[in-house]
2 protein chains.
Amino acid sequence: MLKLTRKTEYALIALSHMQRFTPKNLISTKELAKLYQLPVELLAKTLQQLAQAEILEAVKGAYGGYKIKTPLEQINMTEFFEVLEGEVGLTDCHTNTDCSQKNLCNIKTPMQKINKKMRTFFDEISLKEVVGN
Amino acid sequence: MLKLTRKTEYALIALSHMQRFTPKNLISTKELAKLYQLPVELLAKTLQQLAQAEILEAVKGAYGGYKIKTPLEQINMTEFFEVLEGEVGLTDCHTNTDCSQKNLCNIKTPMQKINKKMRTFFDEISLKEVVGN
DNA sequence: TTAAATACGATAAATTTTGTCGGAATTAAA
DNA sequence: TTTAATTCCGACAAAATTTATCGTATTTAA
Ligand code: SF4
Ligand code: SF4
């Protein structure tokens with residue numbers, strides 16, 4: 001509960017590296033996986049997602065790889081999380097229709113407020129800040 | 001990721017009810033479970049945990065049940081979450097020793113800061129606020 | 001004495017996360 | 001033109017966590 005998933009951590013580790021060491025150059029999944037002992041395939045998918053979201057730029061083919069596309073100062077944690085995981089919030093009453101408590105639930109309304117607060121909280125933290133340096 | 005567990009939601013639903021309808025009187029697990037269609041056994045354990053933490057007062061035996069012991073304004077979400085789940089934080093580098101990345105990890109330090117920030121965030125939300133009314 | 005309740009531990013089922021596999025498309029370089 | 005290194009994508013398997021259930025002991029008011 002409230003923990004990041006491994007996937008998200010791997011993404012942060014990769015971004016941190018790129019930011020520090022290869023901001024202008026490409027780096028491949030394989031290389032990153034080796035450097036930080038991450039499972040290649042999972043990291044691969046993660047980076048692909050970041051590329052789709054245009055956080056990274058992907059270059060295919062031999063000698064290809066990834067580099068940061070959008071400056072990390074310009075991306076906030078809410079956006080970032082929502083690229084990799086679903087919507088940010090402690091509950092998913094809105095999106096998720098299949099909560100069997102829904103009708104009887106007496107905390108729906110206050111939870112909506114907390115969810116908004118939490119989004120705001122993560123809105124105010126930039127990816128740069130998390131990735132450090 | 002970032003979602004409450006069912007257990008925590010059940011706890012909130014129960015507390016919300018007690019706060020509104022039985023602040024002075026006892027209510028049993030069974031009754032609560034029936035009212036909100038919650039699985040009795042899981043709710044039972046949850047309430048037991050809250051009783052251990054002195055958030056609830058438990059009265060054993062026939063005609064027993066639970067009622068709120070500590071005013072909900074006096075309990076913050078960090079405390080509350082930590083009664084039911086583990087430590088609040090996006091990562092568990094500190095407590096958890098078995099992260100294989102630990103040595104190589106390049107986001108440990110910034111993550112510590114974010115974790116602190118998050119604790120502060122939840123420190124500032126009282127249980128009363130979440131439970132509504 | 002009985003019935004209704006909390007307390008606790010073990011276990012099973014379901015779900016989610018994590019990791020793996022196989023192959024397709026792309027492209028720089030030999 | 002071929003090869004090797006890469007991104008890309010979907011399906012699957014394994015592991016971990018969450019959720020639900022069961023059995024039994026203890027407490028206590030009636
Ligand atoms: S309706 Fe209530 S129980 Fe269902 S997800 Fe929303 S807050 Fe949780
Ligand atoms: S050491 Fe790094 S990878 Fe491990 S839990 Fe902490 S932040 Fe996550």
# chains A, B, ... in the order shown; residues from 1 in each chain; ligands from 1
call {"tool": "residues_around", "arguments": {"residues": "DT11 (chain C)", "least_positions_apart": "2", "cutoff": "12 Å", "atoms": "only C-alpha atoms (C1' of nucleotides)", "output": "PDB file with all heavy atoms, in the first residue's frame"}}
result
ATOM      1  P    DG C   9      -1.605 -14.982  17.333  1.00  0.00           P
ATOM      2  OP1  DG C   9      -0.504 -14.898  18.319  1.00  0.00           O
ATOM      3  OP2  DG C   9      -1.802 -13.908  16.329  1.00  0.00           O
ATOM      4  O5'  DG C   9      -1.482 -16.368  16.562  1.00  0.00           O
ATOM      5  C5'  DG C   9      -2.071 -17.542  17.128  1.00  0.00           C
ATOM      6  C4'  DG C   9      -2.378 -18.531  16.024  1.00  0.00           C
ATOM      7  O4'  DG C   9      -3.693 -18.278  15.490  1.00  0.00           O
ATOM      8  C3'  DG C   9      -1.416 -18.456  14.835  1.00  0.00           C
ATOM      9  O3'  DG C   9      -1.158 -19.776  14.390  1.00  0.00           O
ATOM     10  C2'  DG C   9      -2.204 -17.664  13.803  1.00  0.00           C
ATOM     11  C1'  DG C   9      -3.605 -18.214  14.085  1.00  0.00           C
ATOM     12  N9   DG C   9      -4.700 -17.391  13.585  1.00  0.00           N
ATOM     13  C8   DG C   9      -4.817 -16.025  13.616  1.00  0.00           C
ATOM     14  N7   DG C   9      -5.935 -15.587  13.083  1.00  0.00           N
ATOM     15  C5   DG C   9      -6.585 -16.748  12.671  1.00  0.00           C
ATOM     16  C6   DG C   9      -7.835 -16.914  12.029  1.00  0.00           C
ATOM     17  O6   DG C   9      -8.640 -16.051  11.680  1.00  0.00           O
ATOM     18  N1   DG C   9      -8.124 -18.258  11.791  1.00  0.00           N
ATOM     19  C2   DG C   9      -7.298 -19.307  12.139  1.00  0.00           C
ATOM     20  N2   DG C   9      -7.727 -20.528  11.833  1.00  0.00           N
ATOM     21  N3   DG C   9      -6.128 -19.162  12.746  1.00  0.00           N
ATOM     22  C4   DG C   9      -5.841 -17.857  12.978  1.00  0.00           C
ATOM     23  P    DA C  13      -8.761 -23.304  -2.203  1.00  0.00           P
ATOM     24  OP1  DA C  13      -9.941 -24.171  -2.423  1.00  0.00           O
ATOM     25  OP2  DA C  13      -7.421 -23.677  -2.729  1.00  0.00           O
ATOM     26  O5'  DA C  13      -9.120 -21.846  -2.735  1.00  0.00           O
ATOM     27  C5'  DA C  13     -10.186 -21.124  -2.127  1.00  0.00           C
ATOM     28  C4'  DA C  13     -10.149 -19.721  -2.668  1.00  0.00           C
ATOM     29  O4'  DA C  13      -9.025 -19.014  -2.085  1.00  0.00           O
ATOM     30  C3'  DA C  13      -9.982 -19.645  -4.179  1.00  0.00           C
ATOM     31  O3'  DA C  13     -11.039 -18.829  -4.641  1.00  0.00           O
ATOM     32  C2'  DA C  13      -8.577 -19.061  -4.381  1.00  0.00           C
ATOM     33  C1'  DA C  13      -8.358 -18.273  -3.092  1.00  0.00           C
ATOM     34  N9   DA C  13      -6.987 -18.109  -2.627  1.00  0.00           N
ATOM     35  C8   DA C  13      -6.031 -19.069  -2.452  1.00  0.00           C
ATOM     36  N7   DA C  13      -4.896 -18.609  -1.973  1.00  0.00           N
ATOM     37  C5   DA C  13      -5.130 -17.256  -1.820  1.00  0.00           C
ATOM     38  C6   DA C  13      -4.323 -16.199  -1.351  1.00  0.00           C
ATOM     39  N6   DA C  13      -3.064 -16.361  -0.929  1.00  0.00           N
ATOM     40  N1   DA C  13      -4.851 -14.960  -1.323  1.00  0.00           N
ATOM     41  C2   DA C  13      -6.117 -14.803  -1.734  1.00  0.00           C
ATOM     42  N3   DA C  13      -6.977 -15.715  -2.194  1.00  0.00           N
ATOM     43  C4   DA C  13      -6.409 -16.931  -2.207  1.00  0.00           C
TER      44       DA C  13
ATOM     45  P    DA D  20     -12.341  -9.207   0.189  1.00  0.00           P
ATOM     46  OP1  DA D  20     -13.484  -8.944  -0.706  1.00  0.00           O
ATOM     47  OP2  DA D  20     -12.120  -8.376   1.383  1.00  0.00           O
ATOM     48  O5'  DA D  20     -12.407 -10.726   0.629  1.00  0.00           O
ATOM     49  C5'  DA D  20     -12.402 -11.744  -0.368  1.00  0.00           C
ATOM     50  C4'  DA D  20     -12.395 -13.105   0.296  1.00  0.00           C
ATOM     51  O4'  DA D  20     -11.132 -13.324   0.943  1.00  0.00           O
ATOM     52  C3'  DA D  20     -13.456 -13.292   1.380  1.00  0.00           C
ATOM     53  O3'  DA D  20     -14.260 -14.388   0.999  1.00  0.00           O
ATOM     54  C2'  DA D  20     -12.657 -13.552   2.664  1.00  0.00           C
ATOM     55  C1'  DA D  20     -11.345 -14.083   2.112  1.00  0.00           C
ATOM     56  N9   DA D  20     -10.179 -13.884   2.960  1.00  0.00           N
ATOM     57  C8   DA D  20      -9.684 -12.696   3.430  1.00  0.00           C
ATOM     58  N7   DA D  20      -8.588 -12.822   4.163  1.00  0.00           N
ATOM     59  C5   DA D  20      -8.363 -14.193   4.176  1.00  0.00           C
ATOM     60  C6   DA D  20      -7.364 -14.976   4.784  1.00  0.00           C
ATOM     61  N6   DA D  20      -6.373 -14.463   5.506  1.00  0.00           N
ATOM     62  N1   DA D  20      -7.430 -16.311   4.604  1.00  0.00           N
ATOM     63  C2   DA D  20      -8.431 -16.819   3.868  1.00  0.00           C
ATOM     64  N3   DA D  20      -9.423 -16.184   3.251  1.00  0.00           N
ATOM     65  C4   DA D  20      -9.323 -14.857   3.449  1.00  0.00           C
ATOM     66  P    DT D  21     -15.446 -14.866   1.976  1.00  0.00           P
ATOM     67  OP1  DT D  21     -16.483 -15.430   1.089  1.00  0.00           O
ATOM     68  OP2  DT D  21     -15.780 -13.803   2.952  1.00  0.00           O
ATOM     69  O5'  DT D  21     -14.771 -16.070   2.785  1.00  0.00           O
ATOM     70  C5'  DT D  21     -14.069 -17.064   2.057  1.00  0.00           C
ATOM     71  C4'  DT D  21     -13.515 -18.114   3.004  1.00  0.00           C
ATOM     72  O4'  DT D  21     -12.362 -17.595   3.699  1.00  0.00           O
ATOM     73  C3'  DT D  21     -14.482 -18.597   4.086  1.00  0.00           C
ATOM     74  O3'  DT D  21     -14.561 -19.996   3.938  1.00  0.00           O
ATOM     75  C2'  DT D  21     -13.816 -18.173   5.405  1.00  0.00           C
ATOM     76  C1'  DT D  21     -12.350 -18.129   4.999  1.00  0.00           C
ATOM     77  N1   DT D  21     -11.464 -17.258   5.787  1.00  0.00           N
ATOM     78  C2   DT D  21     -10.358 -17.811   6.387  1.00  0.00           C
ATOM     79  O2   DT D  21     -10.083 -19.000   6.318  1.00  0.00           O
ATOM     80  N3   DT D  21      -9.568 -16.914   7.076  1.00  0.00           N
ATOM     81  C4   DT D  21      -9.781 -15.565   7.224  1.00  0.00           C
ATOM     82  O4   DT D  21      -8.996 -14.861   7.861  1.00  0.00           O
ATOM     83  C5   DT D  21     -10.959 -15.045   6.573  1.00  0.00           C
ATOM     84  C7   DT D  21     -11.275 -13.585   6.663  1.00  0.00           C
ATOM     85  C6   DT D  21     -11.735 -15.902   5.895  1.00  0.00           C
ATOM     86  P    DC D  22     -15.658 -20.853   4.807  1.00  0.00           P
ATOM     87  OP1  DC D  22     -16.172 -21.919   3.916  1.00  0.00           O
ATOM     88  OP2  DC D  22     -16.601 -19.906   5.458  1.00  0.00           O
ATOM     89  O5'  DC D  22     -14.758 -21.535   5.936  1.00  0.00           O
ATOM     90  C5'  DC D  22     -13.520 -22.109   5.551  1.00  0.00           C
ATOM     91  C4'  DC D  22     -12.775 -22.580   6.796  1.00  0.00           C
ATOM     92  O4'  DC D  22     -11.986 -21.493   7.324  1.00  0.00           O
ATOM     93  C3'  DC D  22     -13.665 -23.059   7.940  1.00  0.00           C
ATOM     94  O3'  DC D  22     -13.238 -24.347   8.325  1.00  0.00           O
ATOM     95  C2'  DC D  22     -13.456 -22.022   9.037  1.00  0.00           C
ATOM     96  C1'  DC D  22     -12.043 -21.515   8.720  1.00  0.00           C
ATOM     97  N1   DC D  22     -11.768 -20.130   9.189  1.00  0.00           N
ATOM     98  C2   DC D  22     -10.599 -19.886   9.909  1.00  0.00           C
ATOM     99  O2   DC D  22      -9.835 -20.828  10.147  1.00  0.00           O
ATOM    100  N3   DC D  22     -10.329 -18.620  10.310  1.00  0.00           N
ATOM    101  C4   DC D  22     -11.185 -17.626  10.028  1.00  0.00           C
ATOM    102  N4   DC D  22     -10.873 -16.398  10.450  1.00  0.00           N
ATOM    103  C5   DC D  22     -12.381 -17.857   9.292  1.00  0.00           C
ATOM    104  C6   DC D  22     -12.640 -19.117   8.890  1.00  0.00           C
ATOM    105  P    DG D  23     -14.193 -25.198   9.392  1.00  0.00           P
ATOM    106  OP1  DG D  23     -14.344 -26.568   8.852  1.00  0.00           O
ATOM    107  OP2  DG D  23     -15.384 -24.390   9.756  1.00  0.00           O
ATOM    108  O5'  DG D  23     -13.230 -25.262  10.664  1.00  0.00           O
ATOM    109  C5'  DG D  23     -11.800 -25.263  10.488  1.00  0.00           C
ATOM    110  C4'  DG D  23     -11.161 -25.148  11.851  1.00  0.00           C
ATOM    111  O4'  DG D  23     -10.849 -23.754  12.104  1.00  0.00           O
ATOM    112  C3'  DG D  23     -12.080 -25.590  12.999  1.00  0.00           C
ATOM    113  O3'  DG D  23     -11.301 -26.252  13.971  1.00  0.00           O
ATOM    114  C2'  DG D  23     -12.647 -24.276  13.512  1.00  0.00           C
ATOM    115  C1'  DG D  23     -11.458 -23.352  13.317  1.00  0.00           C
ATOM    116  N9   DG D  23     -11.801 -21.942  13.207  1.00  0.00           N
ATOM    117  C8   DG D  23     -12.910 -21.378  12.607  1.00  0.00           C
ATOM    118  N7   DG D  23     -12.935 -20.078  12.685  1.00  0.00           N
ATOM    119  C5   DG D  23     -11.768 -19.753  13.376  1.00  0.00           C
ATOM    120  C6   DG D  23     -11.249 -18.493  13.762  1.00  0.00           C
ATOM    121  O6   DG D  23     -11.726 -17.379  13.564  1.00  0.00           O
ATOM    122  N1   DG D  23     -10.039 -18.626  14.445  1.00  0.00           N
ATOM    123  C2   DG D  23      -9.420 -19.819  14.723  1.00  0.00           C
ATOM    124  N2   DG D  23      -8.271 -19.748  15.390  1.00  0.00           N
ATOM    125  N3   DG D  23      -9.895 -21.002  14.366  1.00  0.00           N
ATOM    126  C4   DG D  23     -11.069 -20.896  13.699  1.00  0.00           C
TER     127       DG D  23
END
call {"tool": "select_by_dssp", "arguments": {"residues": "chain B", "states": "alpha helix (DSSP H)", "output": "MDAnalysis selection string"}}
result
chainID B and resid 6:21 29:36 40:52 77:84 108:123 127:131
call {"tool": "residues_near_ligand", "arguments": {"ligand": "ligand 1", "cutoff": "6 Å", "atoms": "only C-alpha atoms (C1' of nucleotides) and all ligand atoms", "output": "ChimeraX atom specification"}}
result
/A:91-93,99,101-102,105,107-108 /B:9
call {"tool": "residues_around", "arguments": {"residues": "DA14 (chain C)", "least_positions_apart": "5", "cutoff": "12 Å", "atoms": "only C-alpha atoms (C1' of nucleotides)", "output": "compact mmCIF listing (two decimals) with N, CA, C and O atoms (P, O5', C5', C4', C3', O3' and C1' of nucleotides), in the first residue's frame"}}
result
# COMPACT_ATOMS: atom_id res chain seq x y z
P DT D 17 5.75 -9.41 -1.12
O5' DT D 17 4.22 -8.98 -1.18
C5' DT D 17 3.78 -8.18 -2.28
C4' DT D 17 2.28 -8.19 -2.28
C3' DT D 17 1.67 -7.91 -0.91
O3' DT D 17 0.89 -6.75 -1.08
C1' DT D 17 0.61 -9.74 -1.98
P DT D 18 0.12 -6.07 0.18
O5' DT D 18 -1.42 -6.30 -0.18
C5' DT D 18 -1.79 -6.34 -1.55
C4' DT D 18 -3.11 -7.05 -1.68
C3' DT D 18 -4.16 -6.67 -0.64
O3' DT D 18 -5.31 -6.34 -1.39
C1' DT D 18 -4.00 -9.03 -0.83
P DT D 19 -6.67 -5.80 -0.67
O5' DT D 19 -7.48 -7.16 -0.49
C5' DT D 19 -8.00 -7.79 -1.65
C4' DT D 19 -8.70 -9.06 -1.24
C3' DT D 19 -9.75 -8.88 -0.14
O3' DT D 19 -10.99 -9.21 -0.73
C1' DT D 19 -8.40 -10.78 0.25
P DA D 20 -12.34 -9.21 0.19
O5' DA D 20 -12.41 -10.73 0.63
C5' DA D 20 -12.40 -11.74 -0.37
C4' DA D 20 -12.39 -13.11 0.30
C3' DA D 20 -13.46 -13.29 1.38
O3' DA D 20 -14.26 -14.39 1.00
C1' DA D 20 -11.35 -14.08 2.11
call {"tool": "interface_residues", "arguments": {"of": "chain C", "to": "chain A", "cutoff": "10 Å", "atoms": "only C-alpha atoms (C1' of nucleotides)", "output": "PyMOL selection string"}}
result
chain C and resi 17-21+25-29
